[in-house]
file model_30.tsv (TSV, C-alpha atoms)
chain	number	residue	atom	x	y	z
A	1	LEU	CA	19.37	-32.86	9.62
A	2	PRO	CA	17.29	-30.37	7.68
A	3	ALA	CA	15.70	-33.15	5.62
A	4	ALA	CA	14.30	-35.00	8.67
A	5	VAL	CA	10.65	-34.29	9.37
A	6	LEU	CA	9.21	-34.32	12.84
A	7	LEU	CA	7.34	-37.54	13.64
A	8	LYS	CA	4.11	-35.76	14.30
A	9	ASP	CA	4.12	-34.27	10.82
A	10	THR	CA	4.50	-37.53	8.88
A	11	LYS	CA	1.52	-39.09	7.22
A	12	LEU	CA	0.16	-42.42	8.36
A	13	MET	CA	1.41	-44.27	5.28
A	14	ASP	CA	4.98	-43.06	5.90
A	15	VAL	CA	5.12	-44.09	9.57
A	16	LYS	CA	7.20	-47.17	10.19
A	17	LEU	CA	5.56	-50.00	12.08
A	18	GLY	CA	7.73	-49.59	15.17
A	19	GLN	CA	6.91	-45.89	15.42
A	20	LEU	CA	3.18	-46.50	15.29
A	21	PRO	CA	2.42	-46.36	19.06
A	22	SER	CA	4.39	-43.16	19.55
A	23	TRP	CA	2.78	-41.68	16.45
A	24	LEU	CA	-0.68	-42.52	17.77
A	25	ALA	CA	0.21	-41.02	21.14
A	26	MET	CA	1.18	-37.77	19.48
A	27	ARG	CA	-2.16	-37.28	17.78
A	28	ASP	CA	-4.51	-34.56	18.95
A	29	PHE	CA	-7.23	-36.18	21.07
A	30	THR	CA	-8.94	-33.05	22.29
A	31	PRO	CA	-12.59	-32.65	21.20
A	32	GLY	CA	-11.49	-29.93	18.84
A	33	GLY	CA	-8.83	-32.19	17.46
A	34	ILE	CA	-11.27	-35.07	16.91
A	35	ALA	CA	-13.76	-32.74	15.22
A	36	GLY	CA	-10.93	-31.45	13.07
A	37	ALA	CA	-10.01	-35.00	12.10
A	38	PHE	CA	-13.61	-35.78	11.09
A	39	ARG	CA	-13.77	-32.56	9.10
A	40	ARG	CA	-10.52	-33.29	7.34
A	41	GLY	CA	-11.64	-36.80	6.44
A	42	TYR	CA	-14.94	-35.51	5.13
A	43	GLU	CA	-13.22	-32.77	3.09
A	44	ARG	CA	-10.81	-35.27	1.57
A	45	TYR	CA	-13.56	-37.65	0.51
A	46	TYR	CA	-15.81	-34.84	-0.72
A	47	ASN	CA	-13.15	-33.12	-2.78
A	48	LYS	CA	-11.94	-36.36	-4.30
A	49	TYR	CA	-15.18	-38.07	-5.29
A	50	ILE	CA	-18.08	-35.62	-5.24
A	51	ASN	CA	-16.84	-32.06	-5.86
A	52	VAL	CA	-15.82	-32.74	-9.47
A	53	LYS	CA	-17.20	-31.81	-12.85
A	54	LYS	CA	-18.17	-35.32	-13.95
A	55	GLY	CA	-18.80	-37.27	-10.78
A	56	GLY	CA	-19.53	-40.94	-11.16
A	57	LEU	CA	-21.47	-43.61	-9.34
A	58	GLY	CA	-18.60	-44.50	-7.00
A	59	GLY	CA	-18.98	-41.33	-4.97
A	60	ILE	CA	-22.27	-42.18	-3.27
A	61	SER	CA	-22.17	-45.96	-3.75
A	62	MET	CA	-19.11	-46.21	-1.50
A	63	VAL	CA	-20.91	-44.25	1.20
A	64	LEU	CA	-24.00	-46.47	0.90
A	65	ALA	CA	-21.90	-49.64	0.95
A	66	GLY	CA	-20.14	-48.41	4.06
A	67	TYR	CA	-23.53	-47.69	5.65
A	68	VAL	CA	-24.75	-51.17	4.78
A	69	VAL	CA	-21.67	-52.80	6.27
A	70	LEU	CA	-21.84	-50.70	9.42
A	71	SER	CA	-25.51	-51.44	10.02
A	72	TYR	CA	-24.85	-55.14	9.49
A	73	ILE	CA	-22.10	-55.01	12.10
A	74	TRP	CA	-24.36	-53.19	14.56
A	75	SER	CA	-27.23	-55.63	14.09
A	76	TYR	CA	-25.12	-58.81	13.96
A	77	SER	CA	-26.09	-59.88	17.45
A	78	HIS	CA	-29.77	-59.79	16.52
A	79	ILE	CA	-29.40	-62.29	13.72
B	80	MET	CA	-5.95	5.39	-3.90
B	81	LEU	CA	-3.25	6.19	-1.45
B	82	SER	CA	-5.05	4.08	1.15
B	83	ARG	CA	-4.93	1.16	-1.29
B	84	LEU	CA	-1.18	1.65	-1.64
B	85	VAL	CA	-0.84	1.60	2.12
B	86	LEU	CA	-2.93	-1.57	2.31
B	87	ARG	CA	-0.73	-3.18	-0.36
B	88	ALA	CA	2.44	-2.19	1.45
B	89	ALA	CA	1.14	-3.45	4.81
B	90	PRO	CA	1.76	-7.22	4.32
B	91	ALA	CA	5.22	-6.52	2.89
B	92	ALA	CA	5.95	-4.35	5.89
B	93	LEU	CA	4.60	-7.03	8.22
B	94	ARG	CA	6.79	-9.62	6.54
B	95	ALA	CA	9.76	-7.35	6.99
B	96	LEU	CA	9.19	-7.41	10.75
B	97	PRO	CA	11.38	-9.91	12.60
B	98	PRO	CA	9.65	-13.12	13.74
B	99	PRO	CA	8.49	-13.19	17.38
B	100	PRO	CA	11.27	-13.86	19.88
B	101	VAL	CA	12.20	-17.47	20.63
B	102	ALA	CA	11.78	-17.01	24.35
B	103	VAL	CA	8.00	-17.48	23.96
B	104	GLY	CA	8.41	-21.20	23.48
B	105	VAL	CA	10.01	-23.75	21.27
B	106	LEU	CA	6.78	-24.29	19.36
B	107	HIS	CA	6.66	-20.72	18.08
B	108	ALA	CA	10.17	-20.80	16.65
B	109	THR	CA	9.08	-23.16	13.89
B	110	ARG	CA	5.96	-21.22	12.90
B	111	GLN	CA	6.28	-19.11	9.80
B	112	LEU	CA	4.35	-16.04	8.94
B	113	HIS	CA	2.31	-16.24	5.75
B	114	THR	CA	4.86	-16.39	3.00
B	115	THR	CA	2.53	-17.03	0.07
B	116	GLN	CA	0.06	-14.67	-1.47
B	117	GLN	CA	-3.10	-16.61	-0.68
B	118	SER	CA	-6.10	-15.22	-2.45
B	119	LEU	CA	-9.59	-16.65	-2.75
B	120	ALA	CA	-10.23	-15.58	-6.32
B	121	PRO	CA	-9.94	-16.79	-8.97
B	122	LEU	CA	-10.63	-20.26	-7.63
B	123	PRO	CA	-8.78	-23.13	-9.29
B	124	PRO	CA	-11.13	-25.02	-11.64
B	125	LEU	CA	-12.79	-28.23	-10.42
B	126	PRO	CA	-11.07	-31.46	-11.41
B	127	GLU	CA	-12.63	-33.08	-14.45
B	128	LYS	CA	-13.17	-36.59	-13.07
B	129	GLY	CA	-13.36	-37.92	-9.56
B	130	GLY	CA	-11.15	-40.60	-8.11
B	131	GLU	CA	-11.32	-43.85	-10.02
B	132	VAL	CA	-13.55	-46.47	-8.43
B	133	ARG	CA	-13.66	-50.08	-9.62
B	134	HIS	CA	-16.96	-51.94	-9.68
B	135	GLY	CA	-18.47	-48.86	-8.05
B	136	LEU	CA	-17.26	-49.96	-4.64
B	137	ILE	CA	-13.48	-50.13	-4.31
B	138	PRO	CA	-11.15	-47.20	-5.03
B	139	GLU	CA	-8.48	-47.71	-7.62
B	140	GLU	CA	-5.76	-46.87	-5.10
B	141	PHE	CA	-6.34	-50.22	-3.37
B	142	PHE	CA	-5.56	-52.12	-6.56
B	143	GLN	CA	-2.47	-49.97	-7.19
B	144	PHE	CA	-1.37	-50.55	-3.59
B	145	LEU	CA	-1.43	-54.34	-4.03
B	146	TYR	CA	-0.11	-54.41	-7.61
B	147	PRO	CA	3.66	-54.49	-6.89
B	148	LYS	CA	3.36	-57.46	-4.54
B	149	THR	CA	0.57	-59.54	-6.05
B	150	GLY	CA	0.07	-58.40	-9.63
B	151	VAL	CA	-3.30	-57.88	-11.25
B	152	THR	CA	-5.27	-60.73	-9.67
B	153	GLY	CA	-4.14	-60.04	-6.11
B	154	PRO	CA	-7.07	-57.92	-4.93
B	155	TYR	CA	-9.57	-60.30	-6.55
B	156	MET	CA	-8.05	-63.27	-4.79
B	157	LEU	CA	-8.14	-61.29	-1.55
B	158	GLY	CA	-11.79	-60.47	-2.15
B	159	THR	CA	-12.69	-64.11	-2.91
B	160	GLY	CA	-10.85	-65.34	0.17
B	161	LEU	CA	-12.54	-62.76	2.36
B	162	ILE	CA	-16.01	-63.67	1.07
B	163	LEU	CA	-15.39	-67.40	1.58
B	164	TYR	CA	-14.07	-66.75	5.09
B	165	LEU	CA	-17.11	-64.64	6.00
B	166	LEU	CA	-19.49	-67.29	4.63
B	167	SER	CA	-17.77	-70.29	6.18
B	168	LYS	CA	-17.38	-68.76	9.61
B	169	GLU	CA	-20.99	-67.54	9.45
B	170	ILE	CA	-19.86	-63.98	10.05
B	171	TYR	CA	-22.14	-63.26	7.12
B	172	VAL	CA	-25.35	-65.25	7.75
B	173	VAL	CA	-27.34	-66.47	4.75
B	174	ASN	CA	-31.01	-65.99	5.45
B	175	HIS	CA	-34.13	-64.44	3.86
B	176	GLU	CA	-32.46	-61.03	3.92
B	177	THR	CA	-29.77	-62.36	1.62
B	178	VAL	CA	-32.34	-63.25	-1.02
B	179	ALA	CA	-34.00	-59.85	-0.66
B	180	ALA	CA	-30.64	-58.12	-0.94
B	181	ALA	CA	-29.75	-60.13	-4.04
B	182	CYS	CA	-33.02	-59.19	-5.79
B	183	ILE	CA	-32.72	-55.52	-4.87
B	184	LEU	CA	-29.10	-55.34	-5.95
B	185	SER	CA	-29.78	-57.01	-9.27
B	186	VAL	CA	-32.60	-54.60	-10.04
B	187	ILE	CA	-30.47	-51.63	-9.05
B	188	ILE	CA	-27.54	-52.78	-11.16
B	189	TYR	CA	-29.78	-53.45	-14.16
B	190	GLY	CA	-31.29	-49.98	-13.83
B	191	ILE	CA	-27.87	-48.33	-13.56
B	192	LYS	CA	-26.48	-50.19	-16.52
B	193	LYS	CA	-29.46	-49.30	-18.68
B	194	PHE	CA	-30.15	-45.68	-17.73
B	195	GLY	CA	-26.78	-44.57	-16.41
B	196	PRO	CA	-25.39	-42.84	-19.49
B	197	ASP	CA	-28.66	-40.99	-20.20
B	198	VAL	CA	-28.87	-39.63	-16.67
B	199	ALA	CA	-25.22	-38.65	-16.84
B	200	ALA	CA	-25.75	-36.81	-20.13
B	201	PHE	CA	-28.78	-35.01	-18.72
B	202	ALA	CA	-26.89	-33.91	-15.62
B	203	ASP	CA	-23.99	-32.77	-17.78
B	204	LYS	CA	-26.37	-30.75	-19.92
B	205	LEU	CA	-27.77	-29.02	-16.83
B	206	ASN	CA	-24.28	-28.22	-15.66
B	207	GLU	CA	-23.33	-26.89	-19.08
B	208	GLU	CA	-26.34	-24.60	-19.09
B	209	LYS	CA	-25.42	-23.24	-15.68
B	210	MET	CA	-21.85	-22.66	-16.74
B	211	ALA	CA	-22.93	-21.06	-20.00
B	212	LYS	CA	-25.22	-18.65	-18.16
B	213	ALA	CA	-22.50	-17.67	-15.71
B	214	LEU	CA	-19.99	-17.25	-18.53
B	215	ALA	CA	-22.47	-15.18	-20.51
B	216	VAL	CA	-23.00	-12.88	-17.55
B	217	LYS	CA	-19.26	-12.54	-17.07
B	218	ASN	CA	-18.66	-11.84	-20.76
B	219	GLU	CA	-21.42	-9.28	-20.86
B	220	ALA	CA	-20.02	-7.58	-17.83
B	221	ILE	CA	-16.56	-7.53	-19.41
B	222	GLU	CA	-17.93	-6.17	-22.69
B	223	GLY	CA	-19.95	-3.55	-20.87
B	224	LEU	CA	-16.91	-2.45	-18.94
B	225	GLN	CA	-14.80	-2.32	-22.07
B	226	ALA	CA	-17.40	-0.23	-23.81
B	227	ALA	CA	-17.37	2.04	-20.78
B	228	ILE	CA	-13.57	2.24	-21.08
B	229	GLU	CA	-13.89	3.23	-24.73
B	230	GLU	CA	-16.45	5.87	-23.87
B	231	GLU	CA	-14.21	7.18	-21.11
B	232	LYS	CA	-11.25	7.43	-23.48
B	233	LYS	CA	-13.43	9.27	-25.97
B	234	GLU	CA	-14.51	11.68	-23.29
B	235	GLN	CA	-10.90	12.26	-22.35
B	236	TRP	CA	-10.10	12.99	-25.99
B	237	ARG	CA	-13.04	15.37	-26.10
B	238	VAL	CA	-11.78	17.17	-23.03
B	239	GLU	CA	-8.53	17.79	-24.86
B	240	GLY	CA	-10.46	19.56	-27.55
B	241	ARG	CA	-11.98	21.94	-25.05
B	242	SER	CA	-9.10	24.37	-25.41
B	243	TYR	CA	-9.77	24.55	-29.16
B	244	LEU	CA	-13.39	25.34	-28.41
B	245	PHE	CA	-12.42	28.25	-26.24
B	246	ASP	CA	-9.94	29.49	-28.80
B	247	ALA	CA	-12.64	29.43	-31.43
B	248	LYS	CA	-15.01	31.30	-29.13
B	249	ARG	CA	-12.35	33.84	-28.34
B	250	ASN	CA	-11.73	34.32	-32.03
B	251	ASN	CA	-15.43	34.81	-32.62
B	252	VAL	CA	-15.66	37.42	-29.92
B	253	ALA	CA	-12.59	39.21	-31.22
B	254	MET	CA	-14.06	39.23	-34.69
B	255	LEU	CA	-17.34	40.65	-33.43
B	256	LEU	CA	-15.52	43.37	-31.56
B	257	GLU	CA	-13.45	44.15	-34.63
B	258	ALA	CA	-16.50	44.31	-36.84
B	259	ASN	CA	-18.28	46.55	-34.37
B	260	TYR	CA	-15.28	48.82	-34.12
B	261	ARG	CA	-15.03	49.09	-37.88
B	262	GLU	CA	-18.72	49.84	-38.16
B	263	ARG	CA	-18.48	52.63	-35.68
B	264	LEU	CA	-15.37	53.94	-37.34
B	265	MET	CA	-17.28	54.02	-40.61
B	266	MET	CA	-20.16	55.83	-38.98
B	267	VAL	CA	-17.86	58.42	-37.48
B	268	TYR	CA	-16.21	58.93	-40.85
B	269	ASN	CA	-19.55	59.31	-42.57
B	270	GLU	CA	-20.85	61.77	-40.05
B	271	VAL	CA	-17.72	63.87	-40.13
B	272	LYS	CA	-17.78	63.77	-43.92
B	273	LYS	CA	-21.38	64.91	-43.92
B	274	ARG	CA	-20.60	67.82	-41.70
B	275	LEU	CA	-17.59	68.80	-43.73
B	276	ASP	CA	-19.61	68.50	-46.95
B	277	TYR	CA	-22.18	70.72	-45.42
B	278	GLN	CA	-19.58	73.32	-44.63
B	279	VAL	CA	-18.13	73.07	-48.12
B	280	ALA	CA	-21.55	73.34	-49.68
B	281	MET	CA	-22.26	76.35	-47.55
B	282	GLN	CA	-19.10	78.00	-48.67
B	283	THR	CA	-19.64	77.30	-52.37
B	284	LEU	CA	-23.19	78.49	-52.07
B	285	LYS	CA	-22.10	81.65	-50.40
B	286	ARG	CA	-19.41	82.27	-52.98
B	287	GLN	CA	-21.83	81.62	-55.81
B	288	LYS	CA	-24.33	83.92	-54.35
B	289	GLU	CA	-21.70	86.57	-53.91
B	290	GLN	CA	-20.55	86.06	-57.47
B	291	ASP	CA	-24.05	86.27	-58.87
B	292	TYR	CA	-24.84	89.28	-56.84
B	293	MET	CA	-21.62	90.99	-57.88
B	294	ILE	CA	-22.23	90.27	-61.56
B	295	GLN	CA	-25.71	91.50	-61.24
B	296	TRP	CA	-24.57	94.61	-59.47
B	297	VAL	CA	-21.82	95.23	-62.02
B	298	GLU	CA	-24.27	94.78	-64.85
B	299	LYS	CA	-26.74	97.03	-63.19
B	300	ASN	CA	-24.16	99.67	-62.65
B	301	VAL	CA	-22.86	99.43	-66.14
B	302	VAL	CA	-26.30	99.66	-67.54
B	303	GLN	CA	-26.95	102.62	-65.32
B	304	SER	CA	-23.76	104.26	-66.35
B	305	ILE	CA	-24.65	104.06	-69.93
B	306	THR	CA	-26.29	107.57	-70.16
B	307	PRO	CA	-28.68	108.35	-72.98
B	308	GLN	CA	-26.06	110.52	-74.67
B	309	GLN	CA	-23.56	107.72	-74.77
B	310	GLN	CA	-26.25	105.45	-76.12
B	311	LYS	CA	-26.92	107.79	-78.99
B	312	GLU	CA	-23.20	108.17	-79.73
B	313	SER	CA	-22.70	104.43	-79.73
B	314	ILE	CA	-25.72	103.79	-81.97
B	315	ALA	CA	-24.41	106.48	-84.44
B	316	LYS	CA	-20.98	104.90	-84.44
B	317	CYS	CA	-22.50	101.49	-85.08
B	318	ILE	CA	-24.49	102.82	-87.99
B	319	LEU	CA	-21.31	104.43	-89.45
B	320	ASP	CA	-19.43	101.19	-89.04
B	321	LEU	CA	-22.23	99.25	-90.68
B	322	LYS	CA	-22.25	101.67	-93.58
B	323	ALA	CA	-18.49	101.36	-94.02
B	324	LEU	CA	-18.76	97.61	-93.91
B	325	SER	CA	-21.61	97.56	-96.44
B	326	ARG	CA	-19.56	99.86	-98.73
B	327	SER	CA	-16.53	97.56	-98.49
B	328	ALA	CA	-18.76	94.55	-99.08
B	329	GLN	CA	-20.41	96.22	-102.06
B	330	ALA	CA	-17.03	97.13	-103.53
B	331	ALA	CA	-15.72	93.49	-103.06
call {"tool": "encode", "arguments": {"input": "model_30.tsv", "output": "C-alpha cells"}}
result
Amino acid sequence: LPAAVLLKDTKLMDVKLGQLPSWLAMRDFTPGGIAGAFRRGYERYYNKYINVKKGGLGGISMVLAGYVVLSYIWSYSHI
Amino acid sequence: MLSRLVLRAAPAALRALPPPPVAVGVLHATRQLHTTQQSLAPLPPLPEKGGEVRHGLIPEEFFQFLYPKTGVTGPYMLGTGLILYLLSKEIYVVNHETVAAACILSVIIYGIKKFGPDVAAFADKLNEEKMAKALAVKNEAIEGLQAAIEEEKKEQWRVEGRSYLFDAKRNNVAMLLEANYRERLMMVYNEVKKRLDYQVAMQTLKRQKEQDYMIQWVEKNVVQSITPQQQKESIAKCILDLKALSRSAQAA
C-alpha cells in the first residue's frame, strides 16, 4: 500500500481515536525529543502570528491570556 | 572557476551514488538523500497578515473547526456554557480581584480601541522606512554593478582597438623611415651633382682657357708674322683699292 503512511508520521488531527494510545507511545520522549517538541511548537506559533508583515493584537494577547489562565490555575488553592 | 564547476558537479555526483545498503537497518532504507535544491537565499517573503484571531483571544481555526457541526453560534454557546459552569461551580471565584481585573481590562480595551490604528500606522511606517532603505541599498548596488559591467564592456571594446593603435604606430614609423631615406637619397644626389658640376666646370674652364690662350697666341703670331714690308704692301694695295673705288663712285 504505497498510499498508507506510517502511524508515527501522521499528525495528531488525523489520528483515529482508537489509535491514540499507540500513537502517544510512539512519540519521542527523550530530553532531546521533548526540547524539539517545544521548539517546534514555538516556531509554529511564532511564524504564524508574530513573524508577519502586519502583525495584529492577537499575537501577544493570546500569550498573555494563556499566562493569566496558567497563573490562576497555579494559585487556585490559595484563593 | 574550474573548482566552482567541481563544486557544482559534486551534489549531482553524490546523488548518483547508490543509497547506503539495506543491511544497516530497516530505518535507513526509508531515508532519502537530499533530493531538492535547498538554498537559503533568496528567502521567501514574509506573509502579509498573521493568523486570524477573533476578539483578540481565540484563533479563527477554532470557529472553523466547529462550524460544520454547530453553525455560526456554536463556539459562542460553548463559551457561554463554559463561563456559566466555571462561575456556578466556583472554579472561577468572584472576589476583589475580579473587580480589579474588570477595571484593568476595560481600560486596556478602551485604549486599544482608541489608539490601535494610529500605533499600527506608525509601526507600519517604521517598517516601510527600513524596507525602503534596504531596497535603496540593493538598487544602488545593482546599479553600481551594472555601471561596472558597462565600463568593463567598454574596456573590452577598447582592447580590441589596440591592434589598430599598433598598426597606426607601425605606419608612422615606416613613414619616418621612408622620409629619412628619401632625405638621405636627396642629399647623396645633391652631393654627387655638386661634385660632377665641379668637374664639368673645371673642364669648361680649362677648355676656355685653352681656347683663349690659343686665340691669343694665334693673334700674336699673326701679328708677328706681319713684317713691315708686308704692311707697306698691304697699305699700298688698300690705297689703290680706295682710289679705284672713289673713281668708280665719282663716275656713277
call {"tool": "interface_residues", "arguments": {"input": "model_30.tsv", "of": "chain A", "to": "chain B", "cutoff": "12 Å", "atoms": "only C-alpha atoms", "output": "PyMOL selection string"}}
result
chain A and resi 6+13+44-66+68-69+72-73+75-79
call {"tool": "residues_around", "arguments": {"input": "model_30.tsv", "residues": "segment 25-31 of chain A", "least_positions_apart": "2", "cutoff": "12 Å", "atoms": "all atoms listed in the file", "output": "PyMOL selection string"}}
result
chain A and resi 6-12+19-23+33-38
call {"tool": "write_last_selection", "arguments": {"input": "model_30.tsv", "atoms": "C-alpha atoms", "output": "PDB file, in the coordinates of the input"}}
result
ATOM      1  CA  LEU A   6       9.210 -34.320  12.840  1.00  0.00           C
ATOM      2  CA  LEU A   7       7.340 -37.540  13.640  1.00  0.00           C
ATOM      3  CA  LYS A   8       4.110 -35.760  14.300  1.00  0.00           C
ATOM      4  CA  ASP A   9       4.120 -34.270  10.820  1.00  0.00           C
ATOM      5  CA  THR A  10       4.500 -37.530   8.880  1.00  0.00           C
ATOM      6  CA  LYS A  11       1.520 -39.090   7.220  1.00  0.00           C
ATOM      7  CA  LEU A  12       0.160 -42.420   8.360  1.00  0.00           C
ATOM      8  CA  GLN A  19       6.910 -45.890  15.420  1.00  0.00           C
ATOM      9  CA  LEU A  20       3.180 -46.500  15.290  1.00  0.00           C
ATOM     10  CA  PRO A  21       2.420 -46.360  19.060  1.00  0.00           C
ATOM     11  CA  SER A  22       4.390 -43.160  19.550  1.00  0.00           C
ATOM     12  CA  TRP A  23       2.780 -41.680  16.450  1.00  0.00           C
ATOM     13  CA  GLY A  33      -8.830 -32.190  17.460  1.00  0.00           C
ATOM     14  CA  ILE A  34     -11.270 -35.070  16.910  1.00  0.00           C
ATOM     15  CA  ALA A  35     -13.760 -32.740  15.220  1.00  0.00           C
ATOM     16  CA  GLY A  36     -10.930 -31.450  13.070  1.00  0.00           C
ATOM     17  CA  ALA A  37     -10.010 -35.000  12.100  1.00  0.00           C
ATOM     18  CA  PHE A  38     -13.610 -35.780  11.090  1.00  0.00           C
TER      19      PHE A  38
END
call {"tool": "atom_distance", "arguments": {"input": "model_30.tsv", "atom1": "atom CA of Gln308 of chain B", "atom2": "atom CA of Asp320 of chain B"}}
result
18.4 Å
call {"tool": "atom_distance", "arguments": {"input": "model_30.tsv", "atom1": "atom CA of Ile162 of chain B", "atom2": "atom CA of Gly190 of chain B"}}
result
25.4 Å
call {"tool": "atom_distance", "arguments": {"input": "model_30.tsv", "atom1": "atom CA of Ala213 of chain B", "atom2": "atom CA of Pro121 of chain B"}}
result
14.3 Å
call {"tool": "residues_around", "arguments": {"input": "model_30.tsv", "residues": "segment 152-158 of chain B", "least_positions_apart": "5", "cutoff": "9 Å", "atoms": "only C-alpha atoms", "output": "PyMOL selection string"}}
result
chain B and resi 141-142+145-146+163
